[in-house]
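Chemist: File my_file_26.cif below, mmCIF, C-alpha atoms:
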data_target
#
loop_
_atom_site.group_PDB
_atom_site.id
_atom_site.type_symbol
_atom_site.label_atom_id
_atom_site.label_comp_id
_atom_site.auth_asym_id
_atom_site.auth_seq_id
_atom_site.Cartn_x
_atom_site.Cartn_y
_atom_site.Cartn_z
ATOM 1 C CA MET H 1 -46.732 -28.503 7.671
ATOM 2 C CA GLU H 2 -44.756 -30.522 5.118
ATOM 3 C CA LYS H 3 -45.160 -27.770 2.488
ATOM 4 C CA ALA H 4 -44.076 -25.134 4.995
ATOM 5 C CA GLY H 5 -41.066 -27.227 5.935
ATOM 6 C CA ALA H 6 -40.084 -27.592 2.287
ATOM 7 C CA ARG H 7 -40.344 -23.832 1.802
ATOM 8 C CA ASP H 8 -38.146 -23.253 4.850
ATOM 9 C CA TRP H 9 -35.568 -25.724 3.530
ATOM 10 C CA LEU H 10 -35.480 -23.971 0.131
ATOM 11 C CA ARG H 11 -35.045 -20.602 1.792
ATOM 12 C CA HIS H 12 -32.188 -22.030 3.848
ATOM 13 C CA GLN H 13 -30.439 -23.423 0.777
ATOM 14 C CA ALA H 14 -30.860 -20.136 -1.100
ATOM 15 C CA ALA H 15 -29.368 -18.254 1.842
ATOM 16 C CA ARG H 16 -26.356 -20.577 1.851
ATOM 17 C CA LEU H 17 -25.710 -19.895 -1.843
ATOM 18 C CA ARG H 18 -26.175 -16.146 -1.558
ATOM 19 C CA PRO H 19 -22.803 -14.286 -1.642
ATOM 20 C CA ARG H 20 -21.688 -12.991 1.729
ATOM 21 C CA PRO H 21 -20.431 -9.443 2.318
ATOM 22 C CA GLY H 22 -16.687 -9.318 1.760
ATOM 23 C CA ASP H 23 -16.616 -12.207 -0.728
ATOM 24 C CA ALA H 24 -14.598 -11.493 -3.878
ATOM 25 C CA GLY H 25 -16.826 -9.765 -6.382
ATOM 26 C CA GLU H 26 -19.550 -9.188 -3.779
ATOM 27 C CA THR H 27 -21.438 -5.956 -4.270
ATOM 28 C CA GLY H 28 -22.653 -5.680 -0.675
ATOM 29 C CA PRO H 29 -26.078 -4.449 0.419
ATOM 30 C CA ALA H 30 -28.349 -2.746 -2.075
ATOM 31 C CA GLY H 31 -26.976 0.667 -2.919
ATOM 32 C CA PRO H 32 -24.533 2.320 -5.298
ATOM 33 C CA ARG H 33 -21.762 0.091 -6.637
ATOM 34 C CA ILE H 34 -18.413 1.792 -6.092
ATOM 35 C CA ALA H 35 -15.151 0.588 -7.645
ATOM 36 C CA VAL H 36 -11.741 1.365 -6.165
ATOM 37 C CA VAL H 37 -8.665 2.179 -8.253
ATOM 38 C CA THR H 38 -5.126 2.689 -6.964
ATOM 39 C CA ASP H 39 -1.511 2.494 -8.132
ATOM 40 C CA SER H 40 1.169 -0.069 -7.361
ATOM 41 C CA ALA H 41 2.896 2.186 -4.814
ATOM 42 C CA ALA H 42 0.225 0.954 -2.374
ATOM 43 C CA ALA H 43 2.307 -2.229 -1.862
ATOM 44 C CA LEU H 44 -0.810 -4.362 -1.505
ATOM 45 C CA PRO H 45 -0.219 -8.114 -1.039
ATOM 46 C CA PRO H 46 -0.790 -9.910 -4.370
ATOM 47 C CA ASP H 47 -3.145 -12.496 -2.826
ATOM 48 C CA TRP H 48 -5.336 -9.759 -1.375
ATOM 49 C CA VAL H 49 -5.428 -7.946 -4.730
ATOM 50 C CA ALA H 50 -6.390 -11.161 -6.532
ATOM 51 C CA GLN H 51 -9.191 -11.824 -4.069
ATOM 52 C CA HIS H 52 -10.713 -8.351 -4.150
ATOM 53 C CA GLY H 53 -10.026 -7.594 -7.792
ATOM 54 C CA ALA H 54 -12.525 -10.249 -8.888
ATOM 55 C CA GLY H 55 -15.523 -8.636 -10.520
ATOM 56 C CA GLY H 56 -13.743 -5.337 -11.016
ATOM 57 C CA ARG H 57 -14.158 -4.018 -7.468
ATOM 58 C CA LEU H 58 -10.430 -3.178 -7.275
ATOM 59 C CA THR H 59 -7.936 -2.215 -9.973
ATOM 60 C CA VAL H 60 -4.234 -1.564 -9.371
ATOM 61 C CA VAL H 61 -2.576 0.480 -12.112
ATOM 62 C CA PRO H 62 1.130 -0.473 -12.407
ATOM 63 C CA MET H 63 3.727 2.294 -12.237
ATOM 64 C CA PRO H 64 6.626 2.330 -14.722
ATOM 65 C CA VAL H 65 10.240 1.649 -13.727
ATOM 66 C CA ILE H 66 13.061 2.585 -16.129
ATOM 67 C CA ILE H 67 16.317 0.614 -15.874
ATOM 68 C CA GLY H 68 18.964 1.933 -18.208
ATOM 69 C CA GLY H 69 16.901 2.503 -21.336
ATOM 70 C CA ASP H 70 14.319 -0.229 -20.742
ATOM 71 C CA VAL H 71 10.838 0.440 -19.360
ATOM 72 C CA PHE H 72 9.146 -2.098 -17.085
ATOM 73 C CA ALA H 73 5.742 -2.172 -15.430
ATOM 74 C CA ASP H 74 5.852 -2.617 -11.665
ATOM 75 C CA ASP H 75 4.124 -5.989 -12.024
ATOM 76 C CA ASP H 76 6.441 -7.434 -14.701
ATOM 77 C CA ALA H 77 7.832 -10.877 -13.932
ATOM 78 C CA GLY H 78 11.540 -10.781 -13.156
ATOM 79 C CA LEU H 79 11.617 -7.069 -12.365
ATOM 80 C CA GLU H 80 12.825 -7.665 -8.806
ATOM 81 C CA THR H 81 15.934 -9.434 -10.107
ATOM 82 C CA GLN H 82 16.557 -6.754 -12.739
ATOM 83 C CA MET H 83 16.150 -4.028 -10.116
ATOM 84 C CA SER H 84 18.455 -5.724 -7.628
ATOM 85 C CA LEU H 85 21.205 -6.118 -10.213
ATOM 86 C CA ALA H 86 20.821 -2.532 -11.387
ATOM 87 C CA LEU H 87 20.894 -1.063 -7.891
ATOM 88 C CA ALA H 88 23.883 -3.206 -6.888
ATOM 89 C CA SER H 89 25.847 -2.222 -10.000
ATOM 90 C CA GLY H 90 24.980 1.473 -9.953
ATOM 91 C CA THR H 91 22.969 1.329 -13.187
ATOM 92 C CA GLU H 92 20.562 4.236 -13.441
ATOM 93 C CA VAL H 93 17.076 3.393 -12.199
ATOM 94 C CA ARG H 94 14.247 5.882 -12.650
ATOM 95 C CA THR H 95 10.489 5.905 -12.248
ATOM 96 C CA SER H 96 7.604 7.631 -13.965
ATOM 97 C CA ARG H 97 3.933 8.214 -13.402
ATOM 98 C CA PRO H 98 1.327 6.044 -15.141
ATOM 99 C CA SER H 99 -0.212 7.756 -18.150
ATOM 100 C CA PRO H 100 -3.690 9.312 -17.967
ATOM 101 C CA GLY H 101 -4.702 6.716 -20.552
ATOM 102 C CA GLN H 102 -3.998 3.875 -18.104
ATOM 103 C CA PHE H 103 -6.334 5.417 -15.555
ATOM 104 C CA GLU H 104 -8.961 6.262 -18.147
ATOM 105 C CA ARG H 105 -9.046 2.590 -19.173
ATOM 106 C CA ALA H 106 -9.442 1.527 -15.541
ATOM 107 C CA TYR H 107 -12.292 3.988 -14.994
ATOM 108 C CA ARG H 108 -14.068 3.048 -18.223
ATOM 109 C CA ASP H 109 -13.712 -0.640 -17.385
ATOM 110 C CA ALA H 110 -15.416 0.063 -14.045
ATOM 111 C CA ALA H 111 -18.265 1.809 -15.868
ATOM 112 C CA ALA H 112 -18.581 -1.087 -18.321
ATOM 113 C CA SER H 113 -18.753 -3.517 -15.378
ATOM 114 C CA GLY H 114 -21.784 -1.667 -14.010
ATOM 115 C CA PHE H 115 -20.189 0.377 -11.246
ATOM 116 C CA ASP H 116 -21.811 3.727 -10.506
ATOM 117 C CA ALA H 117 -18.675 5.623 -9.448
ATOM 118 C CA VAL H 118 -14.970 5.199 -8.699
ATOM 119 C CA VAL H 119 -12.858 6.180 -5.714
ATOM 120 C CA SER H 120 -9.235 6.461 -6.874
ATOM 121 C CA VAL H 121 -6.610 6.421 -4.083
ATOM 122 C CA HIS H 122 -3.010 7.375 -4.886
ATOM 123 C CA ILE H 123 0.556 7.867 -3.727
ATOM 124 C CA SER H 124 1.324 11.257 -2.196
ATOM 125 C CA ALA H 125 1.342 14.061 -4.757
ATOM 126 C CA LYS H 126 4.596 15.284 -3.166
ATOM 127 C CA LEU H 127 6.314 12.046 -4.172
ATOM 128 C CA SER H 128 4.851 11.419 -7.628
ATOM 129 C CA GLY H 129 2.811 13.010 -10.395
ATOM 130 C CA THR H 130 0.483 9.998 -10.419
ATOM 131 C CA LEU H 131 -2.361 12.011 -8.882
ATOM 132 C CA ASP H 132 -2.226 14.445 -11.818
ATOM 133 C CA SER H 133 -2.606 11.594 -14.311
ATOM 134 C CA ALA H 134 -5.576 10.199 -12.404
ATOM 135 C CA THR H 135 -7.210 13.625 -12.178
ATOM 136 C CA LEU H 136 -6.842 14.215 -15.911
ATOM 137 C CA ALA H 137 -8.327 10.811 -16.692
ATOM 138 C CA ALA H 138 -11.255 11.334 -14.337
ATOM 139 C CA ALA H 139 -12.714 14.013 -16.607
ATOM 140 C CA ASP H 140 -13.305 11.461 -19.394
ATOM 141 C CA ALA H 141 -14.295 8.449 -17.335
ATOM 142 C CA GLY H 142 -17.999 8.297 -18.159
ATOM 143 C CA ILE H 143 -18.919 7.893 -14.460
ATOM 144 C CA PRO H 144 -18.051 10.060 -11.421
ATOM 145 C CA VAL H 145 -14.473 9.559 -10.227
ATOM 146 C CA HIS H 146 -13.335 10.835 -6.824
ATOM 147 C CA VAL H 147 -9.536 11.149 -6.719
ATOM 148 C CA LEU H 148 -7.787 11.083 -3.329
ATOM 149 C CA ASP H 149 -4.214 12.051 -2.479
ATOM 150 C CA SER H 150 -3.415 9.579 0.301
ATOM 151 C CA ALA H 151 -0.475 11.803 1.389
ATOM 152 C CA THR H 152 1.446 8.611 2.108
ATOM 153 C CA VAL H 153 2.888 5.534 0.419
ATOM 154 C CA GLY H 154 3.373 1.783 0.813
ATOM 155 C CA MET H 155 0.878 0.103 3.112
ATOM 156 C CA GLY H 156 -0.009 3.526 4.503
ATOM 157 C CA GLN H 157 -1.633 4.067 1.126
ATOM 158 C CA GLY H 158 -2.559 0.380 1.052
ATOM 159 C CA ALA H 159 -4.485 0.692 4.320
ATOM 160 C CA ALA H 160 -6.532 3.457 2.714
ATOM 161 C CA VAL H 161 -7.247 1.267 -0.300
ATOM 162 C CA GLN H 162 -8.288 -1.658 1.894
ATOM 163 C CA ALA H 163 -10.609 0.581 3.925
ATOM 164 C CA ALA H 164 -12.149 1.868 0.697
ATOM 165 C CA VAL H 165 -12.731 -1.669 -0.603
ATOM 166 C CA ARG H 166 -14.361 -2.732 2.675
ATOM 167 C CA ALA H 167 -16.639 0.309 2.666
ATOM 168 C CA ALA H 168 -17.577 -0.230 -0.976
ATOM 169 C CA ALA H 169 -18.317 -3.930 -0.397
ATOM 170 C CA GLY H 170 -20.542 -2.868 2.512
ATOM 171 C CA GLY H 171 -22.672 -0.721 0.222
ATOM 172 C CA ALA H 172 -21.359 2.711 1.217
ATOM 173 C CA PRO H 173 -21.888 5.550 -1.270
ATOM 174 C CA ALA H 174 -18.904 7.198 -2.941
ATOM 175 C CA GLY H 175 -18.620 9.835 -0.216
ATOM 176 C CA GLY H 176 -18.504 7.169 2.486
ATOM 177 C CA VAL H 177 -15.902 5.137 0.601
ATOM 178 C CA LEU H 178 -13.787 8.258 0.109
ATOM 179 C CA GLU H 179 -14.002 9.174 3.793
ATOM 180 C CA ALA H 180 -13.077 5.649 4.882
ATOM 181 C CA ALA H 181 -9.954 5.839 2.723
ATOM 182 C CA ARG H 182 -9.074 9.311 3.989
ATOM 183 C CA GLN H 183 -9.357 8.307 7.642
ATOM 184 C CA ALA H 184 -7.317 5.143 7.161
ATOM 185 C CA ALA H 185 -4.538 7.055 5.410
ATOM 186 C CA ALA H 186 -4.483 9.690 8.146
ATOM 187 C CA GLY H 187 -4.172 6.994 10.809
ATOM 188 C CA ALA H 188 -1.206 5.248 9.161
ATOM 189 C CA LYS H 189 2.391 6.093 10.006
ATOM 190 C CA VAL H 190 5.383 5.134 7.873
ATOM 191 C CA TYR H 191 8.911 4.661 9.260
ATOM 192 C CA PHE H 192 11.857 3.426 7.239
ATOM 193 C CA TYR H 193 15.560 2.727 7.207
ATOM 194 C CA GLY H 194 17.800 2.622 4.153
ATOM 195 C CA PRO H 195 21.502 1.747 4.196
ATOM 196 C CA SER H 196 22.124 4.789 1.986
ATOM 197 C CA LEU H 197 20.434 8.047 0.995
ATOM 198 C CA GLU H 198 21.992 7.911 -2.469
ATOM 199 C CA GLN H 199 18.936 6.669 -4.373
ATOM 200 C CA LEU H 200 16.662 9.132 -2.603
ATOM 201 C CA ARG H 201 19.106 11.923 -3.355
ATOM 202 C CA ARG H 202 19.310 10.991 -7.042
ATOM 203 C CA GLY H 203 15.527 10.904 -7.310
ATOM 204 C CA GLY H 204 15.083 14.258 -5.591
ATOM 205 C CA ARG H 205 12.976 12.737 -2.803
ATOM 206 C CA ILE H 206 14.978 14.051 0.183
ATOM 207 C CA SER H 207 14.793 17.807 -0.165
ATOM 208 C CA LEU H 208 13.725 18.138 3.475
ATOM 209 C CA ALA H 209 16.655 15.968 4.531
ATOM 210 C CA SER H 210 19.193 17.738 2.325
ATOM 211 C CA SER H 211 21.333 18.708 5.314
ATOM 212 C CA TRP H 212 22.057 15.000 5.791
ATOM 213 C CA VAL H 213 23.330 14.393 2.282
ATOM 214 C CA GLY H 214 26.819 15.669 3.043
ATOM 215 C CA THR H 215 27.255 13.001 5.707
ATOM 216 C CA VAL H 216 25.495 10.210 3.836
ATOM 217 C CA LEU H 217 28.512 7.887 4.116
ATOM 218 C CA ASP H 218 28.773 8.361 7.871
ATOM 219 C CA ILE H 219 25.212 7.731 9.042
ATOM 220 C CA LYS H 220 22.382 5.252 8.825
ATOM 221 C CA PRO H 221 19.288 7.384 8.303
ATOM 222 C CA LEU H 222 15.853 6.819 9.780
ATOM 223 C CA LEU H 223 13.130 8.556 7.821
ATOM 224 C CA GLY H 224 9.360 8.864 7.776
ATOM 225 C CA ILE H 225 6.480 10.302 5.809
ATOM 226 C CA ALA H 226 4.861 13.492 7.109
ATOM 227 C CA ASP H 227 2.417 15.716 5.219
ATOM 228 C CA GLY H 228 3.047 13.571 2.166
ATOM 229 C CA ALA H 229 6.822 14.086 2.033
ATOM 230 C CA VAL H 230 9.936 12.197 3.134
ATOM 231 C CA VAL H 231 11.255 13.688 6.378
ATOM 232 C CA PRO H 232 14.325 12.880 8.483
ATOM 233 C CA LEU H 233 13.692 11.366 11.889
ATOM 234 C CA GLU H 234 17.037 10.392 13.367
ATOM 235 C CA LYS H 235 20.686 9.749 12.517
ATOM 236 C CA VAL H 236 22.174 6.484 13.764
ATOM 237 C CA ARG H 237 25.775 5.350 13.385
ATOM 238 C CA THR H 238 25.403 1.643 12.640
ATOM 239 C CA ALA H 239 22.954 -0.549 10.771
ATOM 240 C CA VAL H 240 22.286 -2.694 13.853
ATOM 241 C CA ARG H 241 21.400 0.365 15.917
ATOM 242 C CA ALA H 242 19.325 1.816 13.091
ATOM 243 C CA ILE H 243 17.157 -1.298 12.808
ATOM 244 C CA ALA H 244 16.788 -1.498 16.585
ATOM 245 C CA ARG H 245 15.732 2.150 16.654
ATOM 246 C CA LEU H 246 13.301 1.578 13.769
ATOM 247 C CA GLU H 247 11.675 -1.168 15.805
ATOM 248 C CA ARG H 248 11.503 1.115 18.828
ATOM 249 C CA LEU H 249 9.863 3.954 16.886
ATOM 250 C CA ALA H 250 7.197 1.566 15.621
ATOM 251 C CA ALA H 251 6.675 0.085 19.103
ATOM 252 C CA GLU H 252 6.262 3.571 20.583
ATOM 253 C CA ASP H 253 3.633 4.352 17.951
ATOM 254 C CA ILE H 254 1.781 1.099 18.674
ATOM 255 C CA ALA H 255 1.802 1.922 22.393
ATOM 256 C CA THR H 256 -0.037 5.199 21.760
ATOM 257 C CA ARG H 257 -2.999 3.353 20.206
ATOM 258 C CA PRO H 258 -5.730 1.565 22.159
ATOM 259 C CA PRO H 259 -4.812 -2.081 22.851
ATOM 260 C CA GLY H 260 -5.518 -4.384 19.943
ATOM 261 C CA THR H 261 -6.188 -1.593 17.441
ATOM 262 C CA ALA H 262 -2.815 -1.477 15.681
ATOM 263 C CA ARG H 263 -1.746 -3.408 12.597
ATOM 264 C CA VAL H 264 1.845 -3.621 11.373
ATOM 265 C CA SER H 265 3.145 -4.164 7.846
ATOM 266 C CA VAL H 266 6.845 -4.590 7.051
ATOM 267 C CA HIS H 267 8.237 -3.966 3.562
ATOM 268 C CA HIS H 268 11.634 -5.066 2.306
ATOM 269 C CA PHE H 269 13.662 -5.220 -0.872
ATOM 270 C CA GLY H 270 16.522 -7.700 -1.129
ATOM 271 C CA ASN H 271 16.471 -8.477 2.603
ATOM 272 C CA ALA H 272 13.432 -10.604 3.390
ATOM 273 C CA GLY H 273 15.251 -12.277 6.313
ATOM 274 C CA GLN H 274 15.805 -8.947 8.069
ATOM 275 C CA ALA H 275 12.163 -8.039 7.544
ATOM 276 C CA LEU H 276 11.001 -11.357 9.001
ATOM 277 C CA ALA H 277 13.207 -10.879 12.069
ATOM 278 C CA LEU H 278 11.953 -7.314 12.523
ATOM 279 C CA GLY H 279 8.321 -8.436 12.340
ATOM 280 C CA GLU H 280 8.906 -11.199 14.894
ATOM 281 C CA SER H 281 10.733 -8.817 17.217
ATOM 282 C CA LEU H 282 7.955 -6.239 17.038
ATOM 283 C CA ARG H 283 5.328 -8.830 17.862
ATOM 284 C CA ALA H 284 7.337 -9.990 20.868
ATOM 285 C CA ALA H 285 7.791 -6.405 22.061
ATOM 286 C CA CYS H 286 4.140 -5.399 21.708
ATOM 287 C CA PRO H 287 1.681 -7.564 23.667
ATOM 288 C CA GLY H 288 -1.515 -8.254 21.759
ATOM 289 C CA LEU H 289 -0.077 -7.306 18.384
ATOM 290 C CA SER H 290 -1.019 -9.612 15.529
ATOM 291 C CA ALA H 291 1.692 -11.028 13.288
ATOM 292 C CA ALA H 292 3.186 -8.425 10.986
ATOM 293 C CA GLY H 293 2.324 -8.658 7.308
ATOM 294 C CA LEU H 294 5.460 -8.954 5.162
ATOM 295 C CA THR H 295 5.498 -7.704 1.577
ATOM 296 C CA ARG H 296 8.216 -6.830 -0.898
ATOM 297 C CA LEU H 297 8.494 -3.104 -1.432
ATOM 298 C CA PRO H 298 7.176 -2.304 -4.924
ATOM 299 C CA ALA H 299 9.948 -1.741 -7.451
ATOM 300 C CA VAL H 300 8.732 1.818 -8.047
ATOM 301 C CA LEU H 301 9.514 2.607 -4.392
ATOM 302 C CA ALA H 302 12.651 0.460 -4.126
ATOM 303 C CA ALA H 303 14.056 2.430 -7.051
ATOM 304 C CA HIS H 304 14.281 5.400 -4.670
ATOM 305 C CA ALA H 305 14.823 3.647 -1.336
ATOM 306 C CA GLY H 306 17.553 1.276 -2.551
ATOM 307 C CA LEU H 307 18.583 -2.275 -1.661
ATOM 308 C CA GLY H 308 18.283 -3.313 1.964
ATOM 309 C CA VAL H 309 15.442 -0.935 2.809
ATOM 310 C CA LEU H 310 13.157 -1.769 5.723
ATOM 311 C CA VAL H 311 9.798 -0.057 6.049
ATOM 312 C CA VAL H 312 7.410 -0.370 8.977
ATOM 313 C CA VAL H 313 3.844 0.866 8.551
ATOM 314 C CA VAL H 314 1.619 1.131 11.618
ATOM 315 C CA SER H 315 -2.075 1.499 10.806
ATOM 316 C CA ASP H 316 -5.495 0.936 12.326
ATOM 317 C CA ALA H 317 -6.497 -2.720 12.555
ATOM 318 C CA ASP H 318 -9.790 -2.650 10.671
ATOM 319 C CA GLY H 319 -8.888 -5.933 9.027
ATOM 320 C CA PRO H 320 -6.473 -8.858 9.415
ATOM 321 C CA PRO H 321 -2.744 -8.435 8.748
ATOM 322 C CA GLN H 322 -1.970 -8.463 5.042
ATOM 323 C CA GLY H 323 1.004 -10.152 3.396
ATOM 324 C CA ASP H 324 2.922 -13.212 4.510
ATOM 325 C CA PRO H 325 2.660 -13.271 8.321
ATOM 326 C CA ALA H 326 5.745 -13.413 10.436
ATOM 327 C CA PRO H 327 5.297 -16.485 12.661
#
Would you encode the structure as structure tokens?
Modeler:
Amino acid sequence: MEKAGARDWLRHQAARLRPRPGDAGETGPAGPRIAVVTDSAAALPPDWVAQHGAGGRLTVVPMPVIIGGDVFADDDAGLETQMSLALASGTEVRTSRPSPGQFERAYRDAAASGFDAVVSVHISAKLSGTLDSATLAAADAGIPVHVLDSATVGMGQGAAVQAAVRAAAGGAPAGGVLEAARQAAAGAKVYFYGPSLEQLRRGGRISLASSWVGTVLDIKPLLGIADGAVVPLEKVRTAVRAIARLERLAAEDIATRPPGTARVSVHHFGNAGQALALGESLRAACPGLSAAGLTRLPAVLAAHAGLGVLVVVVSDADGPPQGDPAP
């Protein structure tokens, strides 16, 4: 009996030390090891990326931002300040797609780390050429790469990435990881308000809202993402009314989902206080809603949306809110 008890104790200690599903770097149950690659337009919270990037499970390829004649990566320190000054002063701010070489390195690193395949989830092809770069790189990756157009952006895309990482950590094959990402992206809705359409107009991102451009100084636009493109939702006359209406649109979306199944993320750029207030107001207006996750809008998106943008993303609550929670 003493020997049996010792064996049981050793088994118990081994079980305690064994990695648990969902731990950083955890490969999940026996099965194919799938890595996930995305781009910085996914607006994923840095802490979440750091946790799940351990061991190579997740790689975020930064997207370039061009201010004047200088090129920055979306994750460069100090870029937020540079962007804010440039946008406030009217300095030209442009963006570009990552190069195929950046994606090829990410895919080859996944292969070198022992992953069997990659699921690569990206910003809508109607908003960026990033998908083309990823597709070109996939041909020379050394392991199978499945490239997905999320047809969305921000934490709409981020929700797809998070679903893919969860599925991969659970041991799903590449097809299952891809389908998890696709379903999460399809279930996410993006609503946003910008004080001006000027940056979107300059970047050519508001072709479907071109009839609004002539009155850009007279309205406060509410926009969304539909079929991968920026679409106009409503015209509101004041900023206060626009933000109130943005909150209402998100609350109406939440109300259409089964209780407790919605998750809200709020993005901002240069107006964290407004974003915090919006998140708190949404939680108060929607019984059972968890605290909104607050994250700065990536510079590559703020370059087109402008200073003072507020973005609300409503997605399926397969995981906890991401970002700094609004109390």
Chemist: Quick one: contact table of region 87-107 of chain H to region 69-79 of chain H, 12 Å max, nearest atom pair and distance in Å to one decimal per residue, counting only C-alpha atoms, chain and number order, as a tab-separated table?
Modeler:
residue	atom	partner	partner_atom	distance
H:Leu87	CA	H:Leu79	CA	11.9
H:Thr91	CA	H:Gly69	CA	10.2
H:Glu92	CA	H:Gly69	CA	8.9
H:Val93	CA	H:Gly69	CA	9.2
H:Arg94	CA	H:Val71	CA	9.3
H:Thr95	CA	H:Val71	CA	9.0
H:Ser96	CA	H:Val71	CA	9.6
H:Arg97	CA	H:Ala73	CA	10.7
H:Pro98	CA	H:Ala73	CA	9.3
H:Ser99	CA	H:Ala73	CA	11.9
H:Gln102	CA	H:Ala73	CA	11.8
Chemist: Write to file, as an mmCIF file, keeping the file's coordinate frame, the residues of the selection just made, with C-alpha atoms.
Modeler:
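Saved file out-v3.cif follows:
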data_model
loop_
_atom_site.group_PDB
_atom_site.id
_atom_site.type_symbol
_atom_site.label_atom_id
_atom_site.label_comp_id
_atom_site.auth_asym_id
_atom_site.auth_seq_id
_atom_site.Cartn_x
_atom_site.Cartn_y
_atom_site.Cartn_z
ATOM 1 C CA LEU H 87 20.894 -1.063 -7.891
ATOM 2 C CA THR H 91 22.969 1.329 -13.187
ATOM 3 C CA GLU H 92 20.562 4.236 -13.441
ATOM 4 C CA VAL H 93 17.076 3.393 -12.199
ATOM 5 C CA ARG H 94 14.247 5.882 -12.650
ATOM 6 C CA THR H 95 10.489 5.905 -12.248
ATOM 7 C CA SER H 96 7.604 7.631 -13.965
ATOM 8 C CA ARG H 97 3.933 8.214 -13.402
ATOM 9 C CA PRO H 98 1.327 6.044 -15.141
ATOM 10 C CA SER H 99 -0.212 7.756 -18.150
ATOM 11 C CA GLN H 102 -3.998 3.875 -18.104
#
Chemist: Counting all atoms listed in the file, figure out which residue out of H:Tyr107, H:Ala117, H:Lys220, H:Met155 gets nearest to Pro173 (chain H).
Modeler: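 Distance minimum relative to Pro173 (chain H) lands on H:Ala117.
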Chemist: Could you list, as a PyMOL selection string, every residue matched by the PyMOL selection byres ((chain H and resi 279-292) around 12) in this structure?
Modeler: chain H and resi 155+243-268+272-278+293-295+310-317+319-327
Chemist: Closest to Ala43 (chain H) among H:Leu222, H:Ala112, H:Ala160, H:Ala125, using all atoms listed in the file?
Modeler: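 Among the listed residues, H:Ala160 lies closest to Ala43 (chain H).
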Chemist: Just to confirm, what's the straight-line distance from CA of Gly270 (chain H) to CA of Glu80 (chain H) in Å (one decimal)?
Modeler: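 Interatomic distance, CA of Gly270 (chain H) to CA of Glu80 (chain H): 8.5 Å.
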Chemist: Report as an NGL selection string the residues that result from applying the PyMOL selection byres ((chain H and resi 136) around 12) to the structure here.
Modeler: :H and (98-104 or 107 or 129-135 or 137-141 or 145-147)
Chemist: One decimal, Å: what's the distance from CA of Leu223 (chain H) over to CA of Val236 (chain H), could you say?
Modeler: 11.0 Å
Chemist: Let me make sure I understand: among H:Leu297, H:Leu178, H:Ala35, H:Ile67, which one has the smallest atom-to-atom distance to Phe115 (chain H) if we use all atoms listed in the file?
Modeler: H:Ala35
Chemist: What is the CA of Ala54 (chain H) to CA of Leu148 (chain H) distance in Å?
Modeler: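 Pair CA of Ala54 (chain H) / CA of Leu148 (chain H) returns 22.5 Å.
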Chemist: H:Gly170, H:Ala299, H:Ala186, H:Arg237: which is nearest Thr81 (chain H), counting only C-alpha atoms?
Modeler: H:Ala299
Chemist: Check the smallest atom-to-atom distance from each of H:Gly158, H:Val165, H:Ser150, H:Ser84 to Leu58 (chain H) using all atoms listed in the file, then report the winner.
Modeler: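 Under the stated criterion, the closest residue is H:Val165.
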Chemist: Enclose all atoms of region 86-93 of chain H listed in the file in an axis-aligned box, grow every side by 5 Å, and hand back centre and edge lengths in Å to one decimal, as lines of an AutoDock Vina configuration file.
Modeler:
center_x = 21.5
center_y = 0.5
center_z = -10.2
size_x = 18.8
size_y = 17.4
size_z = 16.6
Chemist: Quick check on the file I pasted: which residues fall under the PyMOL selection byres ((chain H and resi 113) around 10)? Write them as a list in words.
Modeler: Arg33, Ala35, Gly55, Gly56, Arg57, Tyr107, Arg108, Asp109, Ala110, Ala111, Ala112, Gly114, Phe115 and Asp116 of chain H
Chemist: So, counting all atoms listed in the file, which residue among H:His122, H:Arg241, H:Arg182, H:Lys235 is closest to Pro221 (chain H)?
Modeler: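 Under the stated criterion, the closest residue is H:Lys235.
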Chemist: Residues near Leu127 (chain H), anyone? I mean within 9 Å using only C-alpha atoms, not counting same-chain ones fewer than 5 positions away, as a PyMOL selection string.
Modeler: chain H and resi 151-153+205+228-230
Chemist: Neighbouring residues of Val60 (chain H) were defined as those with any atom within 9 Å, considering only C-alpha atoms; residues of the same chain fewer than 5 positions away were excluded. Please report them as a ChimeraX atom specification.
Modeler: /H:36-40,42,49,53,106
